[in-house]
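Asks: So here's query12.txt (compact mmCIF, C-alpha atoms).
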```txt
# COMPACT_ATOMS: atom_id res chain seq x y z
CA MET A 79 0.00 0.00 0.00
CA LEU A 80 1.40 3.38 -1.03
CA THR A 81 0.59 5.01 2.33
CA ASP A 82 2.62 2.38 4.22
CA VAL A 83 5.51 2.78 1.78
CA LEU A 84 5.57 6.56 2.31
CA VAL A 85 5.32 6.22 6.10
CA LYS A 86 8.16 3.70 6.15
CA ARG A 87 10.28 5.95 3.94
CA PHE A 88 9.72 9.29 5.66
CA VAL A 89 8.72 8.54 9.29
CA LYS A 90 11.32 6.97 11.56
CA ASN A 91 9.95 4.89 14.45
CA SER A 92 6.47 5.33 12.95
CA GLU A 93 4.79 3.15 15.61
CA GLN A 94 5.74 5.50 18.45
CA ILE A 95 2.86 7.88 17.76
CA LYS A 96 2.99 9.50 21.21
CA ASP A 97 6.51 10.76 20.52
CA THR A 98 6.55 14.43 19.50
CA GLU A 99 9.23 13.98 16.83
CA VAL A 100 7.35 11.08 15.26
CA ARG A 101 4.11 13.11 15.15
CA THR A 102 6.02 15.98 13.57
CA SER A 103 7.34 13.63 10.88
CA TYR A 104 3.79 12.47 10.18
CA GLY A 105 2.74 16.11 9.90
CA TYR A 106 5.53 16.87 7.44
CA LEU A 107 4.56 13.84 5.34
CA SER A 108 0.89 14.80 5.28
CA GLY A 109 1.65 18.40 4.46
CA GLY A 110 4.24 17.60 1.77
CA VAL A 111 1.99 15.13 -0.03
CA GLY A 112 -0.94 17.53 0.30
CA ILE A 113 1.01 20.39 -1.28
CA MET A 114 2.17 18.26 -4.21
CA VAL A 115 -1.20 16.65 -4.95
CA ASN A 116 -3.25 19.83 -4.53
CA VAL A 117 -0.95 21.87 -6.77
CA ILE A 118 -1.31 19.21 -9.47
CA LEU A 119 -5.08 19.16 -9.05
CA CYS A 120 -5.26 22.96 -9.12
CA LEU A 121 -3.30 23.19 -12.39
CA ILE A 122 -5.40 20.46 -14.02
CA LYS A 123 -8.71 22.01 -12.97
CA LEU A 124 -7.67 25.56 -13.86
CA PHE A 125 -6.77 24.37 -17.35
CA ILE A 126 -10.06 22.48 -17.72
CA GLY A 127 -12.04 25.35 -16.20
CA PHE A 128 -10.67 28.01 -18.54
CA VAL A 129 -10.97 25.73 -21.58
CA SER A 130 -14.57 24.83 -20.81
CA GLY A 131 -15.62 28.13 -19.23
CA SER A 132 -17.00 26.34 -16.15
CA ILE A 133 -17.11 28.42 -12.97
CA ALA A 134 -17.68 25.27 -10.91
CA ILE A 135 -14.40 23.75 -12.12
CA ILE A 136 -12.49 27.01 -11.62
CA GLY A 137 -13.92 27.29 -8.11
CA ASP A 138 -12.88 23.71 -7.40
CA ALA A 139 -9.37 24.55 -8.66
CA ILE A 140 -9.11 27.56 -6.34
CA HIS A 141 -10.23 25.30 -3.52
CA ASN A 142 -7.34 22.94 -4.28
CA LEU A 143 -4.95 25.89 -4.28
CA ALA A 144 -6.26 26.85 -0.83
CA ASP A 145 -5.80 23.24 0.26
CA ALA A 146 -2.15 23.45 -0.82
CA GLY A 147 -1.83 26.55 1.34
CA ALA A 148 -3.55 24.70 4.17
CA SER A 149 -0.95 21.95 3.85
CA VAL A 150 1.75 24.56 4.34
CA ILE A 151 -0.08 25.67 7.51
CA THR A 152 -0.23 22.03 8.61
CA ILE A 153 3.55 21.70 8.30
CA LEU A 154 4.11 24.94 10.20
CA GLY A 155 1.60 23.83 12.84
CA TYR A 156 3.41 20.55 13.48
CA ARG A 157 6.78 22.29 13.46
CA MET A 158 5.64 24.82 16.07
CA SER A 159 3.74 22.29 18.20
CA ALA A 160 6.94 20.23 18.52
CA LYS A 161 8.67 23.08 20.36
CA PRO A 162 9.45 22.16 23.97
CA ALA A 163 7.88 23.87 26.96
CA ASP A 164 9.25 27.26 27.97
CA PRO A 165 8.57 29.80 30.74
CA GLU A 166 5.72 31.38 28.77
CA HIS A 167 4.21 28.03 27.75
CA PRO A 168 4.92 25.62 30.62
CA PHE A 169 2.69 22.91 29.12
CA GLY A 170 4.30 23.02 25.67
CA HIS A 171 2.95 24.15 22.31
CA GLY A 172 0.86 21.11 21.39
CA ARG A 173 -2.39 23.02 20.94
CA ILE A 174 -0.89 24.82 17.95
CA GLU A 175 -1.81 21.65 16.05
CA TYR A 176 -5.47 22.36 16.81
CA ILE A 177 -5.05 26.01 15.83
CA ALA A 178 -3.58 24.88 12.50
CA GLY A 179 -6.67 22.76 11.90
CA LEU A 180 -8.90 25.71 12.79
CA ILE A 181 -7.09 27.97 10.30
CA ILE A 182 -7.57 25.33 7.61
CA ALA A 183 -11.27 25.16 8.42
CA GLY A 184 -11.56 28.96 8.27
CA ALA A 185 -9.92 29.07 4.85
CA ILE A 186 -12.32 26.38 3.61
CA LEU A 187 -15.34 28.38 4.81
CA VAL A 188 -14.16 31.60 3.15
CA ILE A 189 -13.61 29.83 -0.18
CA GLY A 190 -17.00 28.14 0.02
CA ILE A 191 -18.80 31.43 0.64
CA GLU A 192 -16.97 33.17 -2.22
CA LEU A 193 -17.75 30.31 -4.61
CA LEU A 194 -21.40 30.37 -3.55
CA HIS A 195 -21.58 34.07 -4.43
CA SER A 196 -19.93 33.53 -7.84
CA SER A 197 -22.16 30.57 -8.64
CA VAL A 198 -25.33 32.50 -7.91
CA GLU A 199 -24.13 35.22 -10.27
CA LYS A 200 -23.45 32.56 -12.93
CA MET A 201 -27.00 31.24 -12.58
CA LEU A 202 -28.40 34.75 -12.99
CA ASN A 203 -26.09 35.50 -15.96
CA PRO A 204 -25.32 32.16 -17.67
CA GLU A 205 -22.57 31.86 -20.27
CA PRO A 206 -22.12 28.98 -22.73
CA MET A 207 -19.54 26.30 -21.91
CA ASP A 208 -17.23 24.32 -24.20
CA THR A 209 -17.52 20.78 -22.87
CA SER A 210 -15.86 17.68 -24.37
CA VAL A 211 -15.29 14.04 -23.53
CA THR A 212 -11.58 14.81 -23.01
CA VAL A 213 -12.39 17.47 -20.41
CA ILE A 214 -14.66 15.05 -18.54
CA ALA A 215 -12.06 12.24 -18.69
CA ILE A 216 -9.29 14.45 -17.30
CA LEU A 217 -11.56 15.69 -14.54
CA ALA A 218 -12.47 12.08 -13.67
CA MET A 219 -8.77 11.22 -13.34
CA SER A 220 -8.27 14.21 -11.04
CA LEU A 221 -11.18 12.89 -8.97
CA MET A 222 -9.33 9.60 -8.39
CA LEU A 223 -6.18 11.46 -7.30
CA GLN A 224 -8.26 13.61 -4.95
CA LEU A 225 -9.92 10.51 -3.47
CA TRP A 226 -6.53 8.94 -2.78
CA LEU A 227 -5.35 12.10 -1.00
CA GLY A 228 -8.44 12.09 1.25
CA LEU A 229 -7.98 8.43 2.19
CA PHE A 230 -4.25 9.02 2.72
CA ASN A 231 -4.84 11.87 5.18
CA ARG A 232 -7.66 10.03 6.93
CA GLY A 233 -5.41 7.00 7.40
CA LEU A 234 -2.61 9.12 8.88
CA GLY A 235 -5.06 11.14 11.00
CA LYS A 236 -6.58 8.03 12.56
CA ARG A 237 -3.16 6.48 13.04
CA ILE A 238 -1.90 9.36 15.21
CA ASP A 239 -5.28 10.84 16.25
CA SER A 240 -4.62 14.21 14.60
CA PRO A 241 -7.52 16.70 14.22
CA ALA A 242 -5.57 18.70 11.64
CA MET A 243 -5.06 15.66 9.39
CA LEU A 244 -8.64 14.50 9.81
CA ALA A 245 -9.79 18.03 8.89
CA ALA A 246 -7.66 17.89 5.73
CA ALA A 247 -9.06 14.42 4.94
CA THR A 248 -12.65 15.63 5.35
CA ASP A 249 -11.91 18.52 3.04
CA SER A 250 -10.41 16.26 0.34
CA LEU A 251 -13.25 13.74 0.50
CA SER A 252 -15.88 16.47 0.28
CA ASP A 253 -13.97 17.78 -2.75
CA CYS A 254 -14.49 14.38 -4.35
CA VAL A 255 -18.26 14.63 -3.97
CA ALA A 256 -18.22 18.17 -5.32
CA THR A 257 -16.05 17.20 -8.30
CA PHE A 258 -18.35 14.27 -9.02
CA VAL A 259 -21.33 16.64 -9.13
CA VAL A 260 -19.41 18.85 -11.58
CA ILE A 261 -18.68 15.83 -13.80
CA ILE A 262 -22.36 14.88 -13.87
CA CYS A 263 -23.31 18.43 -14.87
CA LEU A 264 -20.70 18.43 -17.63
CA ILE A 265 -22.07 15.14 -18.96
CA VAL A 266 -25.59 16.59 -18.95
CA ASP A 267 -24.35 19.70 -20.78
CA LEU A 268 -22.51 17.58 -23.36
CA THR A 269 -25.44 15.25 -24.04
CA THR A 270 -28.44 17.58 -23.74
CA GLY A 271 -27.08 21.11 -24.04
CA HIS A 272 -28.60 22.15 -20.69
CA ASP A 273 -26.24 24.35 -18.66
CA PHE A 274 -26.25 23.50 -14.96
CA ASP A 275 -22.82 25.01 -14.26
CA GLY A 276 -24.12 27.68 -11.88
CA MET A 277 -26.19 25.11 -10.00
CA ALA A 278 -23.18 22.76 -9.85
CA GLY A 279 -21.11 25.63 -8.47
CA ILE A 280 -23.68 26.15 -5.72
CA VAL A 281 -23.58 22.44 -4.85
CA VAL A 282 -19.77 22.53 -4.76
CA ALA A 283 -19.86 25.64 -2.56
CA LEU A 284 -22.30 24.03 -0.13
CA PHE A 285 -20.12 20.94 0.14
CA ILE A 286 -17.11 23.13 0.81
CA ILE A 287 -18.94 25.15 3.49
CA HIS A 288 -20.26 21.98 5.13
CA SER A 289 -16.81 20.39 5.27
CA GLY A 290 -15.28 23.62 6.60
CA TRP A 291 -17.89 23.88 9.34
CA GLY A 292 -17.38 20.25 10.37
CA ALA A 293 -13.61 20.66 10.44
CA ALA A 294 -13.96 23.86 12.51
CA LYS A 295 -16.08 22.07 15.13
CA ASP A 296 -13.62 19.16 15.34
CA THR A 297 -10.66 21.46 15.99
CA LEU A 298 -12.45 24.05 18.13
CA GLN A 299 -13.68 21.54 20.71
CA PRO A 300 -10.20 20.60 22.04
CA LEU A 301 -9.30 24.30 22.22
CA LEU A 302 -12.40 25.17 24.25
CA GLY A 303 -11.98 22.14 26.46
CA GLU A 304 -13.92 18.93 25.85
CA PRO A 305 -14.70 16.08 28.24
CA PRO A 306 -12.16 13.24 28.24
CA ASP A 307 -12.85 9.94 26.57
CA PRO A 308 -14.91 7.94 29.14
CA GLU A 309 -13.05 4.76 28.26
CA PHE A 310 -9.73 6.50 28.92
CA VAL A 311 -10.98 7.62 32.36
CA ARG A 312 -12.22 4.09 33.11
CA ALA A 313 -8.85 2.63 32.08
CA ILE A 314 -6.99 5.02 34.38
CA THR A 315 -9.41 4.19 37.21
CA ARG A 316 -9.07 0.44 36.67
CA ARG A 317 -5.29 0.68 36.68
CA THR A 318 -5.35 2.69 39.92
CA LEU A 319 -7.64 0.20 41.66
CA GLU A 320 -5.27 -2.64 40.77
CA GLU A 321 -3.24 -1.42 43.74
CA LYS A 322 -4.84 -3.43 46.55
CA GLN A 323 -4.17 -0.79 49.21
CA ILE A 324 -6.25 1.79 47.27
CA LEU A 325 -9.89 1.68 48.36
CA GLY A 326 -11.46 4.04 45.81
CA VAL A 327 -10.87 6.64 43.13
CA HIS A 328 -12.60 9.93 42.41
CA ASP A 329 -12.07 13.41 40.92
CA VAL A 330 -10.28 12.11 37.82
CA ILE A 331 -9.37 15.24 35.84
CA VAL A 332 -7.82 15.17 32.36
CA HIS A 333 -6.23 18.25 30.76
CA ASN A 334 -5.38 18.06 27.07
CA TYR A 335 -2.61 20.43 25.97
CA GLY A 336 -2.26 18.86 22.54
CA PRO A 337 -1.63 15.34 21.20
CA GLY A 338 0.91 13.57 23.37
CA ARG A 339 0.61 16.23 26.11
CA ILE A 340 -2.07 14.97 28.46
CA PHE A 341 -2.07 15.76 32.18
CA VAL A 342 -4.11 13.58 34.55
CA SER A 343 -4.83 14.03 38.24
CA LEU A 344 -7.00 11.96 40.56
CA HIS A 345 -7.77 11.33 44.24
CA ALA A 346 -6.96 7.87 45.59
CA GLU A 347 -8.49 6.70 48.88
CA VAL A 348 -6.22 4.77 51.24
CA PRO A 349 -6.77 3.46 54.81
CA SER A 350 -6.27 6.22 57.36
CA ASP A 351 -4.11 3.95 59.56
CA MET A 352 -1.55 3.56 56.77
CA SER A 353 1.72 5.36 57.48
CA LEU A 354 2.50 8.48 55.46
CA MET A 355 5.68 6.92 54.10
CA GLU A 356 3.87 3.75 52.97
CA ALA A 357 1.14 5.80 51.25
CA HIS A 358 3.76 7.95 49.54
CA ASN A 359 5.62 4.90 48.20
CA ILE A 360 2.42 3.35 46.83
CA ILE A 361 1.32 6.56 45.11
CA ASP A 362 4.80 7.30 43.77
CA SER A 363 5.00 3.86 42.19
CA LEU A 364 1.46 4.20 40.80
CA GLU A 365 2.20 7.57 39.17
CA GLU A 366 5.29 6.17 37.49
CA SER A 367 3.53 3.08 36.14
CA ILE A 368 0.59 5.11 34.75
CA ARG A 369 3.00 7.56 33.07
CA ASP A 370 4.78 4.66 31.35
CA GLU A 371 1.61 2.80 30.37
CA PHE A 372 -0.57 5.69 29.19
CA LYS A 373 2.12 8.23 28.18
CA VAL A 374 0.63 10.99 30.31
CA SER A 375 1.80 13.30 33.08
CA MET A 376 0.28 11.94 36.28
CA THR A 377 -0.48 13.36 39.74
CA VAL A 378 -2.26 11.39 42.47
CA HIS A 379 -3.68 13.00 45.62
CA VAL A 380 -4.05 10.82 48.71
CA ASP A 381 -7.35 10.81 50.64
CA PRO A 382 -7.21 8.90 53.95
CA MET A 383 -10.37 6.89 54.67
CA VAL A 384 -11.39 5.50 58.06
CA VAL A 385 -12.02 1.76 57.77
CA GLY A 386 -14.00 -0.39 60.16
CA ASP A 387 -15.69 2.33 62.25
CA PRO A 388 -19.32 1.20 62.90
CA LEU A 389 -20.83 4.71 63.14
CA GLN A 390 -19.16 5.94 59.96
CA ASN A 391 -20.19 2.81 58.09
CA GLU A 392 -23.77 3.29 59.28
CA ILE A 393 -23.86 6.94 58.18
CA LYS A 394 -22.35 6.11 54.80
CA GLU A 395 -24.93 3.38 54.17
CA LYS A 396 -27.77 5.80 54.93
CA LEU A 397 -26.11 8.48 52.81
CA TYR A 398 -26.07 6.15 49.78
CA HIS A 399 -29.85 5.84 50.07
CA ILE A 400 -30.40 9.58 50.68
CA VAL A 401 -28.33 10.64 47.65
CA ALA A 402 -29.94 8.03 45.39
CA CYS A 403 -33.39 9.38 46.27
CA VAL A 404 -32.36 12.86 45.12
CA ASP A 405 -30.87 11.61 41.84
CA PRO A 406 -29.56 8.07 41.13
CA LEU A 407 -26.70 9.54 39.07
CA ILE A 408 -25.31 11.58 41.98
CA THR A 409 -22.46 9.98 43.94
CA PHE A 410 -20.47 11.06 46.98
CA HIS A 411 -16.83 10.83 48.01
CA ASP A 412 -14.34 12.27 50.54
CA PHE A 413 -16.66 11.21 53.36
CA ARG A 414 -15.35 12.15 56.81
CA LEU A 415 -16.73 12.28 60.34
CA THR A 416 -14.71 14.67 62.50
CA SER A 417 -14.06 14.28 66.21
CA SER A 418 -16.52 17.12 66.83
CA GLY A 419 -19.27 15.16 65.08
CA ARG A 420 -19.36 17.11 61.80
CA ILE A 421 -20.16 15.11 58.64
CA LEU A 422 -18.24 16.25 55.56
CA PHE A 423 -18.39 14.89 52.01
CA ASP A 424 -18.43 15.92 48.34
CA LEU A 425 -21.28 15.24 45.93
CA ALA A 426 -20.47 14.49 42.31
CA VAL A 427 -23.43 15.92 40.35
CA PRO A 428 -23.90 15.47 36.56
CA TYR A 429 -24.18 18.68 34.55
CA ASN A 430 -27.59 17.61 33.27
CA CYS A 431 -29.08 17.36 36.76
CA THR A 432 -32.01 19.80 36.86
CA PHE A 433 -31.64 20.68 40.54
CA THR A 434 -29.53 23.66 41.54
CA ASP A 435 -26.53 23.09 43.82
CA GLU A 436 -28.32 24.91 46.62
CA ARG A 437 -31.44 22.74 46.28
CA ILE A 438 -29.40 19.51 46.27
CA ILE A 439 -27.57 20.53 49.44
CA GLU A 440 -30.85 21.51 51.08
CA MET A 441 -32.51 18.16 50.31
CA VAL A 442 -29.55 16.04 51.40
CA GLU A 443 -28.98 18.02 54.60
CA GLU A 444 -32.66 17.76 55.49
CA ASP A 445 -32.66 13.97 55.17
CA ILE A 446 -29.40 13.60 57.13
CA HIS A 447 -30.76 15.74 59.98
CA LYS A 448 -33.83 13.49 60.17
CA GLU A 449 -31.50 10.56 60.91
CA TYR A 450 -28.81 12.43 62.88
CA PRO A 451 -30.27 15.67 64.28
CA ASP A 452 -27.20 16.35 66.43
CA LYS A 453 -24.73 16.27 63.50
CA GLU A 454 -23.58 19.28 61.53
CA VAL A 455 -23.17 18.74 57.78
CA THR A 456 -20.78 20.31 55.28
CA ILE A 457 -21.33 19.46 51.61
CA GLN A 458 -19.20 20.40 48.58
CA ILE A 459 -20.72 20.10 45.09
CA ASP A 460 -18.61 18.93 42.13
CA ARG A 461 -20.30 19.23 38.76
CA LEU A 462 -19.19 16.52 36.33
```
As structure tokens, how would this structure be written, given the file I've shared?

Replies:
Amino acid sequence: MLTDVLVKRFVKNSEQIKDTEVRTSYGYLSGGVGIMVNVILCLIKLFIGFVSGSIAIIGDAIHNLADAGASVITILGYRMSAKPADPEHPFGHGRIEYIAGLIIAGAILVIGIELLHSSVEKMLNPEPMDTSVTVIAILAMSLMLQLWLGLFNRGLGKRIDSPAMLAAATDSLSDCVATFVVIICLIVDLTTGHDFDGMAGIVVALFIIHSGWGAAKDTLQPLLGEPPDPEFVRAITRRTLEEKQILGVHDVIVHNYGPGRIFVSLHAEVPSDMSLMEAHNIIDSLEESIRDEFKVSMTVHVDPMVVGDPLQNEIKEKLYHIVACVDPLITFHDFRLTSSGRILFDLAVPYNCTFTDERIIEMVEEDIHKEYPDKEVTIQIDRL
């Protein structure tokens, strides 16, 4: 397969996709191939467009030229994202890769809107085209080259989980659909004499705008901050609970500062009678093993939990029932009963819970006071 041949030739240690240098090499390969293929497609379509007088083909050619420029941005994005952390950017420059994808998406949207405007004008003021079988055949061959480029970028994007590459792949594959529509319109013009060039241009423009909007959403989400992959969180949790001395896990937080730059923190519950040195050794070993296994930066906070106290166990059992009656999706953690008799715990509340934080606290406190009227209660709400 040509993609595998190119990867083997231009990407050293291609399987180590978490490595910054390897990702940069993938970015250079994607960008270099994109520049070469899109320049070829642009020249072919410009020639066909001017020969035939088709605004849809010329618009498609300009789109390919913009894609070549986007490939240059992709290369620059990977080059800049590979820069190490510095005092002004302590978490590195990995999010530049997302910004590169966003710039590509913006360029796609601008071109789509401009082509839409030109196509509407062409429909209002149609001009005759000079269509031939040769023109259609050449355009069909360019379609196959465009299809290969889309599949090439999609393969690389999935291999290294790159939003910028997947955005470029989406763009190329939508180009294929648009070019196919243009070919159909040229065939209709050649066989019947009906000119649908303006309408084809509108279809092409709409495809371009749709692909640009989709690519923008895919790259904007990581920049704004999106929830982590639930399976990734479950895997981290499972790995943590493999340590027999750890009783529970909560407050797993994942910060994404770009591909290969993920920071994870969590709270691990350990028996309160465990020595500080023993707890430190367990957590230190856990952090190191998770870093090696998941290729992330890892921080674990220790929460001591009292084990075997009858009163605390009784209160916790009642609290499970109280919280479930408010909302079955709400959970609690960091439960503590102080020497003064104060009950403290955190409630993990889903964002889609319709109750306000104040109302949840009010309901839970009311039910606890029914069971333990002499206890004071302190509740912290964590929205998840």

Asks: Pick the closest to Leu194 in chain A from A:Gly419, A:Gly336, A:Gly228, A:Gly137: which is it, counting all atoms listed in the file?

Replies: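 Closest to Leu194 in chain A, using all atoms listed in the file: A:Gly137.
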
Asks: Could you give me, as a PyMOL selection string, the residues that sit within 9 Å of (2.9, 12.5, 41.3) in the file's coordinates, counting all atoms listed in the file?

Replies: chain A and resi 343+361-366+375-379

Asks: How many Å lie between CA of Ala245 in chain A and CA of Ala293 in chain A, rounded to one decimal?

Replies: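 We find that CA of Ala245 in chain A and CA of Ala293 in chain A lie 4.9 Å from each other.
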
Asks: Pick from A:Ala134, A:Leu143, A:Ile186, A:Leu244: nearest to Val259 in chain A, with only C-alpha atoms counted?

Replies: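 Of the candidates, the smallest distance to Val259 in chain A is held by A:Ala134.
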
Asks: If we count all atoms listed in the file, what is near Thr318 in chain A at a cut-off of 8 Å, once residues fewer than 4 positions away on the same chain are taken out, given as a ChimeraX atom specification?

Replies: /A:314,324,327,346,364

Asks: Rounded to one decimal in Å, what is the spacing between CA of Ala148 in chain A and CA of Phe341 in chain A?

Replies: 29.4 Å

Asks: In Å, how far is it from CA of Ile189 in chain A to CA of Phe128 in chain A?

Replies: 18.7 Å
